[in-house]
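Here's upload27.txt, which has compact mmCIF, C-alpha atoms and all ligand atoms:
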```txt
# COMPACT_ATOMS: atom_id res chain seq x y z
CA MET A 1 -4.90 0.50 -24.78
CA SER A 2 -6.81 2.96 -22.57
CA GLN A 3 -4.78 5.46 -20.56
CA ILE A 4 -5.59 3.90 -17.19
CA ARG A 5 -4.62 0.43 -18.46
CA GLN A 6 -1.33 1.84 -19.70
CA ILE A 7 -0.54 3.54 -16.37
CA ALA A 8 -1.53 0.42 -14.41
CA ALA A 9 0.80 -1.71 -16.55
CA GLU A 10 3.61 0.80 -16.01
CA MET A 11 3.10 0.64 -12.23
CA VAL A 12 3.71 -3.12 -12.15
CA ALA A 13 6.34 -3.26 -14.92
CA PRO A 14 8.89 -6.07 -14.43
CA GLY A 15 11.21 -5.38 -11.48
CA LYS A 16 9.22 -2.37 -10.24
CA GLY A 17 7.11 -1.69 -7.17
CA VAL A 18 5.39 1.30 -5.59
CA LEU A 19 6.75 3.21 -2.60
CA ALA A 20 4.06 4.06 0.00
CA ALA A 21 4.96 7.39 1.64
CA ASP A 22 1.41 8.59 2.28
CA GLU A 23 1.13 8.46 6.06
CA SER A 24 -1.50 10.91 7.35
CA ILE A 25 -0.18 13.90 9.30
CA GLY A 26 -1.01 12.20 12.61
CA THR A 27 0.70 8.91 11.74
CA MET A 28 3.71 10.67 10.24
CA ASP A 29 4.12 12.81 13.35
CA LYS A 30 4.11 9.74 15.59
CA ARG A 31 6.80 8.10 13.43
CA LEU A 32 8.92 11.26 13.38
CA GLU A 33 8.68 11.62 17.16
CA LYS A 34 9.68 7.98 17.63
CA ALA A 35 12.77 8.67 15.47
CA GLY A 36 13.61 11.74 17.58
CA VAL A 37 12.51 14.27 14.95
CA GLU A 38 10.31 17.25 15.82
CA PRO A 39 6.90 16.69 14.14
CA THR A 40 6.56 19.87 12.08
CA GLU A 41 5.20 20.56 8.61
CA GLU A 42 8.74 21.36 7.42
CA ASN A 43 10.16 18.11 8.82
CA ARG A 44 7.38 16.09 7.17
CA ARG A 45 8.22 17.86 3.90
CA ALA A 46 11.98 17.39 4.27
CA TYR A 47 11.54 13.68 5.02
CA ARG A 48 9.35 13.17 1.94
CA GLU A 49 11.87 15.11 -0.19
CA LEU A 50 14.59 12.76 1.10
CA LEU A 51 12.51 9.75 -0.02
CA ALA A 52 11.26 11.11 -3.36
CA GLY A 53 14.67 12.59 -4.18
CA THR A 54 16.58 9.35 -3.64
CA PRO A 55 19.02 8.95 -6.54
CA GLY A 56 18.11 5.99 -8.78
CA LEU A 57 14.67 5.53 -7.16
CA SER A 58 13.03 4.89 -10.55
CA GLU A 59 15.19 1.80 -11.10
CA GLY A 60 13.04 -0.11 -8.59
CA ALA A 61 10.02 2.12 -8.00
CA SER A 62 7.46 2.98 -10.66
CA GLY A 63 5.49 5.23 -8.36
CA ILE A 64 5.29 6.91 -4.97
CA ILE A 65 2.08 7.36 -2.95
CA LEU A 66 1.82 10.82 -1.40
CA SER A 67 -0.55 12.28 1.19
CA ASP A 68 -2.71 15.33 0.44
CA GLU A 69 -0.26 17.51 2.39
CA THR A 70 2.80 16.33 0.44
CA MET A 71 0.97 16.58 -2.88
CA ARG A 72 0.60 20.32 -2.22
CA GLN A 73 4.20 20.81 -0.97
CA SER A 74 7.38 21.45 -2.96
CA PHE A 75 11.00 20.36 -2.99
CA ALA A 76 13.40 22.90 -1.42
CA ASP A 77 14.13 24.19 -4.95
CA GLY A 78 10.45 25.11 -5.41
CA THR A 79 9.39 22.19 -7.66
CA PRO A 80 6.00 20.80 -6.58
CA PHE A 81 6.26 17.14 -5.44
CA PRO A 82 4.21 15.67 -8.32
CA ASP A 83 6.38 17.46 -10.89
CA ALA A 84 9.60 16.52 -9.09
CA THR A 85 8.78 12.81 -8.99
CA ARG A 86 7.63 12.71 -12.63
CA ALA A 87 10.87 14.44 -13.65
CA VAL A 88 12.85 11.45 -12.31
CA GLY A 89 10.51 8.84 -13.82
CA VAL A 90 8.45 8.06 -10.72
CA LEU A 91 4.65 8.41 -11.06
CA PRO A 92 2.98 10.45 -8.31
CA GLY A 93 -0.01 8.90 -6.55
CA ILE A 94 -2.35 10.21 -3.87
CA LYS A 95 -3.99 8.65 -0.83
CA VAL A 96 -7.62 9.80 -1.02
CA ASP A 97 -9.33 8.06 1.88
CA THR A 98 -9.65 10.07 5.07
CA GLY A 99 -8.93 7.17 7.40
CA ALA A 100 -10.41 4.06 8.98
CA LYS A 101 -12.87 5.22 11.67
CA PRO A 102 -14.73 3.27 14.39
CA PHE A 103 -17.72 1.59 12.71
CA PRO A 104 -21.02 2.70 14.34
CA GLY A 105 -22.92 -0.45 15.27
CA LEU A 106 -19.94 -2.77 14.84
CA PRO A 107 -17.74 -2.60 17.95
CA GLY A 108 -14.06 -3.34 17.31
CA GLU A 109 -14.34 -2.75 13.54
CA THR A 110 -13.67 0.18 11.24
CA ILE A 111 -15.13 1.73 8.11
CA THR A 112 -12.89 3.81 5.87
CA GLU A 113 -14.22 7.30 5.19
CA GLY A 114 -13.67 9.75 2.34
CA LEU A 115 -16.43 9.13 -0.22
CA ASP A 116 -18.14 12.51 0.23
CA ASN A 117 -17.36 14.71 -2.73
CA LEU A 118 -14.81 12.17 -4.02
CA PRO A 119 -15.49 12.62 -7.76
CA ALA A 120 -14.76 16.37 -7.43
CA ARG A 121 -11.64 15.71 -5.34
CA MET A 122 -10.43 13.12 -7.89
CA ALA A 123 -10.78 15.67 -10.67
CA GLU A 124 -8.65 18.12 -8.65
CA TYR A 125 -5.95 15.51 -7.94
CA ALA A 126 -5.87 14.51 -11.61
CA GLU A 127 -5.41 18.20 -12.47
CA MET A 128 -2.51 18.37 -9.98
CA GLY A 129 -0.82 15.48 -11.80
CA ALA A 130 -1.80 12.37 -9.81
CA ALA A 131 -1.45 9.26 -11.99
CA PHE A 132 -2.91 6.89 -9.45
CA ALA A 133 -4.63 6.84 -6.05
CA LYS A 134 -4.93 4.69 -2.96
CA TRP A 135 -7.73 3.78 -0.53
CA ARG A 136 -7.10 1.50 2.43
CA ALA A 137 -9.81 -0.55 4.11
CA VAL A 138 -8.91 -2.24 7.39
CA ILE A 139 -10.23 -5.63 8.49
CA THR A 140 -9.56 -6.96 11.98
CA ILE A 141 -9.36 -10.64 12.95
CA SER A 142 -10.28 -11.31 16.55
CA SER A 143 -12.14 -13.68 18.79
CA GLY A 144 -12.07 -11.34 21.79
CA PRO A 145 -14.68 -9.48 23.83
CA ASP A 146 -16.37 -8.13 20.68
CA GLY A 147 -17.11 -11.65 19.44
CA GLU A 148 -15.78 -13.31 16.32
CA LEU A 149 -14.38 -10.68 13.92
CA PRO A 150 -14.56 -9.69 11.15
CA THR A 151 -18.31 -9.51 10.66
CA ASP A 152 -19.77 -10.00 7.19
CA ALA A 153 -21.29 -6.53 7.52
CA ALA A 154 -17.87 -4.85 7.99
CA ILE A 155 -16.41 -6.77 5.04
CA ARG A 156 -19.38 -5.85 2.84
CA ALA A 157 -19.41 -2.14 3.71
CA ASN A 158 -15.65 -1.73 3.28
CA ALA A 159 -15.71 -3.62 -0.02
CA HIS A 160 -18.53 -1.37 -1.25
CA ALA A 161 -16.59 1.78 -0.30
CA LEU A 162 -13.48 0.47 -2.11
CA ALA A 163 -15.53 -0.11 -5.25
CA ARG A 164 -17.15 3.34 -5.14
CA TYR A 165 -13.65 4.83 -4.75
CA ALA A 166 -12.22 2.74 -7.61
CA ALA A 167 -15.05 3.73 -9.94
CA ALA A 168 -14.53 7.44 -9.10
CA CYS A 169 -10.79 7.08 -9.83
CA GLN A 170 -11.28 5.46 -13.20
CA GLU A 171 -13.86 8.07 -14.17
CA ALA A 172 -11.20 10.75 -13.45
CA GLY A 173 -8.58 8.86 -15.50
CA VAL A 174 -6.64 7.87 -12.36
CA VAL A 175 -5.59 4.28 -11.57
CA PRO A 176 -7.02 3.01 -8.27
CA ILE A 177 -4.87 1.02 -5.88
CA VAL A 178 -7.50 -1.00 -4.02
CA GLU A 179 -6.15 -1.89 -0.58
CA PRO A 180 -8.17 -4.19 1.63
CA GLU A 181 -5.79 -4.87 4.54
CA VAL A 182 -6.45 -7.76 6.89
CA LEU A 183 -4.37 -6.76 9.91
CA MET A 184 -1.60 -8.94 11.33
CA ASP A 185 -2.58 -7.92 14.90
CA GLY A 186 -3.75 -10.89 16.96
CA SER A 187 -3.02 -14.52 17.74
CA HIS A 188 -4.73 -16.06 14.69
CA SER A 189 -3.15 -18.72 12.47
CA LEU A 190 -2.07 -18.38 8.85
CA GLU A 191 -5.08 -20.55 7.93
CA ARG A 192 -7.48 -18.11 9.60
CA CYS A 193 -5.81 -15.20 7.77
CA ALA A 194 -6.24 -17.13 4.50
CA GLU A 195 -9.94 -17.71 5.16
CA VAL A 196 -10.65 -14.06 6.03
CA THR A 197 -8.50 -12.67 3.19
CA ALA A 198 -10.32 -14.85 0.65
CA ALA A 199 -13.71 -13.73 1.97
CA VAL A 200 -12.60 -10.09 1.73
CA HIS A 201 -11.36 -10.52 -1.85
CA ALA A 202 -14.60 -12.24 -2.84
CA ALA A 203 -16.62 -9.27 -1.53
CA VAL A 204 -14.28 -6.67 -3.04
CA PHE A 205 -14.26 -8.17 -6.54
CA ARG A 206 -18.04 -8.65 -6.47
CA GLU A 207 -18.54 -4.95 -5.66
CA LEU A 208 -15.92 -3.86 -8.22
CA ALA A 209 -17.68 -5.86 -10.93
CA ASP A 210 -21.08 -4.41 -9.92
CA LEU A 211 -19.72 -0.87 -10.42
CA ASN A 212 -18.07 -1.75 -13.76
CA VAL A 213 -14.51 -1.13 -12.55
CA ASP A 214 -12.02 -2.25 -15.22
CA PRO A 215 -9.68 -4.81 -13.58
CA ALA A 216 -6.99 -4.07 -16.19
CA GLY A 217 -6.96 -0.45 -15.02
CA MET A 218 -6.45 -1.11 -11.29
CA ILE A 219 -3.94 -2.60 -8.86
CA LEU A 220 -4.90 -4.78 -5.87
CA LYS A 221 -2.84 -4.07 -2.76
CA PRO A 222 -3.47 -7.01 -0.43
CA ASN A 223 -1.93 -8.19 2.81
CA MET A 224 0.29 -11.23 2.62
CA VAL A 225 -1.32 -14.36 4.03
CA ILE A 226 0.49 -14.70 7.31
CA GLU A 227 -0.03 -15.66 10.96
CA GLY A 228 -0.91 -12.99 13.56
CA THR A 229 1.88 -11.22 15.44
CA GLU A 230 0.86 -13.01 18.68
CA TYR A 231 0.60 -16.47 17.11
CA GLY A 232 3.98 -17.55 18.44
CA ARG A 233 5.55 -19.30 15.45
CA GLU A 234 6.66 -17.67 12.19
CA SER A 235 5.62 -19.30 8.91
CA THR A 236 8.36 -19.75 6.32
CA PRO A 237 8.47 -17.63 3.17
CA GLU A 238 7.45 -20.72 1.18
CA GLN A 239 4.35 -21.21 3.38
CA VAL A 240 3.37 -17.54 3.15
CA ALA A 241 3.89 -17.48 -0.62
CA ALA A 242 1.94 -20.69 -1.28
CA ALA A 243 -0.97 -19.53 0.89
CA ALA A 244 -1.04 -16.04 -0.62
CA VAL A 245 -1.04 -17.29 -4.21
CA GLU A 246 -3.72 -19.88 -3.43
CA VAL A 247 -5.95 -17.19 -1.88
CA LEU A 248 -5.39 -14.72 -4.74
CA LYS A 249 -6.26 -17.34 -7.36
CA ARG A 250 -9.66 -17.91 -5.76
CA ASN A 251 -11.11 -14.48 -6.52
CA LEU A 252 -8.91 -12.29 -8.74
CA PRO A 253 -9.90 -11.93 -12.40
CA ASP A 254 -7.16 -12.94 -14.83
CA ASP A 255 -7.15 -9.52 -16.45
CA LEU A 256 -6.31 -7.65 -13.22
CA ALA A 257 -3.30 -5.39 -14.00
CA GLY A 258 -1.30 -6.49 -10.98
CA VAL A 259 -0.91 -7.25 -7.30
CA ALA A 260 1.31 -5.05 -5.10
CA PHE A 261 1.54 -6.30 -1.50
CA LEU A 262 1.62 -4.10 1.60
CA SER A 263 4.16 -5.01 4.29
CA GLY A 264 1.77 -4.65 7.24
CA GLY A 265 4.35 -4.40 10.01
CA GLN A 266 6.62 -7.28 8.98
CA SER A 267 10.34 -6.59 9.27
CA PRO A 268 11.84 -5.27 6.04
CA GLU A 269 13.85 -8.48 5.60
CA ARG A 270 10.89 -10.79 6.14
CA ALA A 271 8.67 -8.85 3.74
CA THR A 272 11.35 -9.12 1.05
CA ALA A 273 11.95 -12.84 1.61
CA ASN A 274 8.19 -13.51 1.39
CA LEU A 275 7.91 -11.46 -1.80
CA ALA A 276 10.85 -13.35 -3.30
CA ALA A 277 9.22 -16.71 -2.51
CA MET A 278 6.00 -15.65 -4.31
CA GLN A 279 7.90 -15.49 -7.60
CA ALA A 280 8.26 -19.29 -7.67
CA HIS A 281 4.53 -19.48 -8.45
CA GLU A 282 2.88 -19.01 -11.86
CA THR A 283 0.19 -16.32 -11.70
CA PRO A 284 -1.80 -14.44 -14.36
CA TRP A 285 -0.75 -11.11 -12.76
CA PRO A 286 2.63 -9.69 -11.69
CA LEU A 287 3.24 -9.92 -7.91
CA THR A 288 5.16 -6.92 -6.65
CA PHE A 289 5.50 -4.64 -3.63
CA SER A 290 3.87 -1.43 -2.44
CA PHE A 291 5.52 -1.37 0.96
CA GLY A 292 5.47 1.52 3.39
CA ARG A 293 7.26 0.68 6.62
CA ALA A 294 9.37 -2.14 5.11
CA LEU A 295 10.91 0.41 2.73
CA VAL A 296 11.05 3.64 4.69
CA ASP A 297 11.70 2.65 8.32
CA PRO A 298 15.45 2.10 7.77
CA ALA A 299 15.67 5.46 5.94
CA LEU A 300 13.92 7.36 8.75
CA LYS A 301 16.19 5.71 11.32
CA ALA A 302 19.36 6.57 9.36
CA TRP A 303 18.29 10.19 8.78
CA HIS A 304 16.64 11.01 12.13
CA GLY A 305 16.19 14.64 11.12
CA GLU A 306 19.87 15.55 10.50
CA SER A 307 20.37 17.44 7.25
CA SER A 308 23.90 16.00 7.08
CA LEU A 309 22.40 12.48 7.06
CA VAL A 310 20.03 12.85 4.07
CA GLY A 311 22.48 10.78 1.99
CA ALA A 312 22.54 8.02 4.64
CA GLY A 313 18.74 7.96 4.66
CA GLN A 314 18.64 7.74 0.88
CA ASP A 315 21.21 4.92 0.89
CA ALA A 316 19.03 2.99 3.35
CA LEU A 317 15.95 3.44 1.13
CA SER A 318 17.90 2.48 -2.00
CA GLU A 319 19.09 -0.69 -0.34
CA ARG A 320 15.49 -1.80 0.43
CA VAL A 321 14.15 -0.79 -2.98
CA ARG A 322 16.96 -2.70 -4.70
CA ALA A 323 16.40 -5.82 -2.57
CA ASN A 324 12.66 -5.83 -3.34
CA ALA A 325 13.15 -5.14 -7.04
CA ALA A 326 15.59 -8.08 -7.11
CA ALA A 327 12.99 -10.20 -5.28
CA VAL A 328 10.39 -9.42 -7.92
CA ARG A 329 12.83 -10.27 -10.70
CA GLY A 330 13.57 -13.61 -9.01
CA GLU A 331 17.15 -12.55 -8.26
CA PHE A 332 16.94 -12.12 -4.50
CA GLN A 333 19.97 -13.30 -2.49
CA PRO A 334 19.25 -13.45 1.26
CA ALA A 335 21.99 -11.66 3.25
P1 LIG B 1 2.88 -0.90 5.06
O1 LIG B 1 3.70 -1.57 3.99
O2 LIG B 1 3.71 -0.23 6.13
O3 LIG B 1 1.83 -1.82 5.61
O4 LIG B 1 2.11 0.32 4.40
C1 LIG B 1 1.52 0.18 3.18
C2 LIG B 1 0.42 1.14 3.06
O5 LIG B 1 0.35 1.86 2.08
C3 LIG B 1 -0.59 1.20 4.13
O6 LIG B 1 -1.73 1.85 3.67
```

Would you give me this structure, written as structure tokens?
Amino acid sequence: MSQIRQIAAEMVAPGKGVLAADESIGTMDKRLEKAGVEPTEENRRAYRELLAGTPGLSEGASGIILSDETMRQSFADGTPFPDATRAVGVLPGIKVDTGAKPFPGLPGETITEGLDNLPARMAEYAEMGAAFAKWRAVITISSGPDGELPTDAAIRANAHALARYAAACQEAGVVPIVEPEVLMDGSHSLERCAEVTAAVHAAVFRELADLNVDPAGMILKPNMVIEGTEYGRESTPEQVAAAAVEVLKRNLPDDLAGVAFLSGGQSPERATANLAAMQAHETPWPLTFSFGRALVDPALKAWHGESSLVGAGQDALSERVRANAAAVRGEFQPA
């Protein structure tokens, strides 16, 4: 088996998911401030050391996604982050996009940037020890003042960028996590989310195939198929799971290494319940988690910048990782 296929299989091994801790400096600072923590480089580092240093993390997490800043930082004992996570059996990954920016010509939509010089940057990250990478494209559903969104043009351009990124990763021997996120923001129905998500997957897998990306050496990180936050009525985990699996089956090749969902702003408990319900369905690929907020929000809240509360923060993260690993194994017990 090729090296990237082996790493991809390891990332979605039974009962394992991927921890997303790759917030950009700006996003991380906002979250620290909200938790009452001064947004400094040292506090961003200390927070990521809390997460990556959580005892037993590798029991439920195969990997951790880091930002460029964290990738270049070290634990307090001087061990660089990528070495420290590998030492405890957690693969280090790197977010390589430079953010979703307003799309010139397409009001209300975004295009994710970061392709310039990417092959050279990928070679550097591989040298630093990155096993995998992440690129997030953002798709908005709306029927507001900007007309009916998303446009086909925004879907097409973002899908093309994801494929160029994925091809650059595989060429560098790094597994791409391909993340086309259809946002939960808005008043749309679950059915509308299903329709848009399927159209996005169709475009993404067409572009990936055109650039000869090996599906067995990549992970898809999709949104769950779910109603908008302003819709007014929450779908059940069974409804979300059935819709998500139906949408995935329309466009994903059978030899894709795995699917690792983002949480997208759902509560930690809801994201876990939805993930648990997915496991009732037969699929050709493992369905696991690559949550950010649904894993780390409780940890940030418990820690809130107090060095004496690092253990409390780590307990909070462990609790969420364990619950999601149990969900993936089909052993989830709702509280
Ligand atoms: P959320 O689970 O908070 O949506 O974050 C996942 C992620 O990696 C976003 O790019």

_Please determine, counting only C-alpha atoms, which residue among A:Ile4, A:Ala294, A:Arg156, A:Ala312 has the shortest atom-to-atom distance to Met218 of chain A._
A:Ile4

*asked:* Which residues are near ligand LIG 1 (chain B) - at most 6 Å, using all atoms listed in the file? Format: as a PyMOL selection string.
replied: chain A and resi 20+136+262-265+291-294

With only C-alpha atoms counted and 12 Å as the cut-off, give the residues of segment 188-224 of chain A in contact with segment 276-288 of chain A, each with its shortest interatomic distance in Å and the pair that gives it, as a tab-separated table.
```
residue	atom	partner	partner_atom	distance
A:Pro215	CA	A:Trp285	CA	11.0
A:Ala216	CA	A:Trp285	CA	10.0
A:Met218	CA	A:Trp285	CA	11.6
A:Ile219	CA	A:Trp285	CA	9.9
A:Leu220	CA	A:Leu287	CA	9.8
A:Lys221	CA	A:Thr288	CA	9.3
A:Pro222	CA	A:Leu287	CA	10.5
A:Asn223	CA	A:Thr288	CA	11.9
A:Met224	CA	A:Met278	CA	10.0
```

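Among A:Pro176, A:Gly217, A:Gly129, A:Pro334, the residue with the shortest atom-to-atom distance to Ser2 of chain A, counting all atoms listed in the file, is A:Gly217.
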
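Among A:Gln170, A:Asn158, A:Ser143, A:Thr98, the residue with the shortest atom-to-atom distance to Ser187 of chain A, counting only C-alpha atoms, is A:Ser143.
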
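Compared by their closest atoms to Gln6 of chain A, and using all atoms listed in the file, the residues A:Gly305, A:Pro180, A:Gly330, A:Gly173 rank with A:Gly173 nearest.
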
*With all atoms listed in the file as the atoms that count, which of A:Gly144, A:Gly63, A:Gly36, A:Gly93 lies nearest to Leu300 of chain A?*
A:Gly36

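Shortest atom-to-atom contact with Leu118 of chain A among A:Ala153, A:Leu162, A:Ile141, A:Met184: A:Leu162, counting only C-alpha atoms.
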
List as a tab-separated table every residue of segment 230-255 of chain A that is in contact with segment 196-203 of chain A, defined as an atom at most 9 Å from one of its atoms (using all atoms listed in the file), together with the nearest atom pair and the distance in Å rounded to one decimal, sorted by chain and then rising number.
```
residue	atom	partner	partner_atom	distance
A:Val247	CA	A:Ala198	CA	5.6
A:Leu248	CA	A:Ala198	CA	7.3
A:Arg250	CA	A:Ala198	CA	7.1
A:Asn251	CA	A:Ala202	CA	5.5
A:Leu252	CA	A:His201	CA	7.5
```

Would you write out those residues with C-alpha atoms, as a short mmCIF file (atom, residue, chain, number, x, y, z; two decimals), in the coordinates of the input?
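Listed below is the output, again-v4.cif:
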```cif
data_model
loop_
_atom_site.label_atom_id
_atom_site.label_comp_id
_atom_site.auth_asym_id
_atom_site.auth_seq_id
_atom_site.Cartn_x
_atom_site.Cartn_y
_atom_site.Cartn_z
CA VAL A 247 -5.95 -17.19 -1.88
CA LEU A 248 -5.39 -14.72 -4.74
CA ARG A 250 -9.66 -17.91 -5.76
CA ASN A 251 -11.11 -14.48 -6.52
CA LEU A 252 -8.91 -12.29 -8.74
#
```

Using all atoms listed in the file, what does the table of segment 57-129 of chain A residues within 9 Å of segment 7-19 of chain A look like, with each row giving the shortest atom pair and its distance in Å to one decimal, sorted by chain and ascending number, as a Markdown table?
```
| residue | atom | partner | partner_atom | distance |
| --- | --- | --- | --- | --- |
| A:Ser58 | CA | A:Lys16 | CA | 8.2 |
| A:Glu59 | CA | A:Lys16 | CA | 7.3 |
| A:Gly60 | CA | A:Lys16 | CA | 4.7 |
| A:Ala61 | CA | A:Gly17 | CA | 4.9 |
| A:Ser62 | CA | A:Met11 | CA | 5.2 |
| A:Gly63 | CA | A:Val18 | CA | 4.8 |
| A:Ile64 | CA | A:Leu19 | CA | 4.6 |
| A:Ile65 | CA | A:Leu19 | CA | 6.3 |
| A:Leu91 | CA | A:Met11 | CA | 8.0 |
```
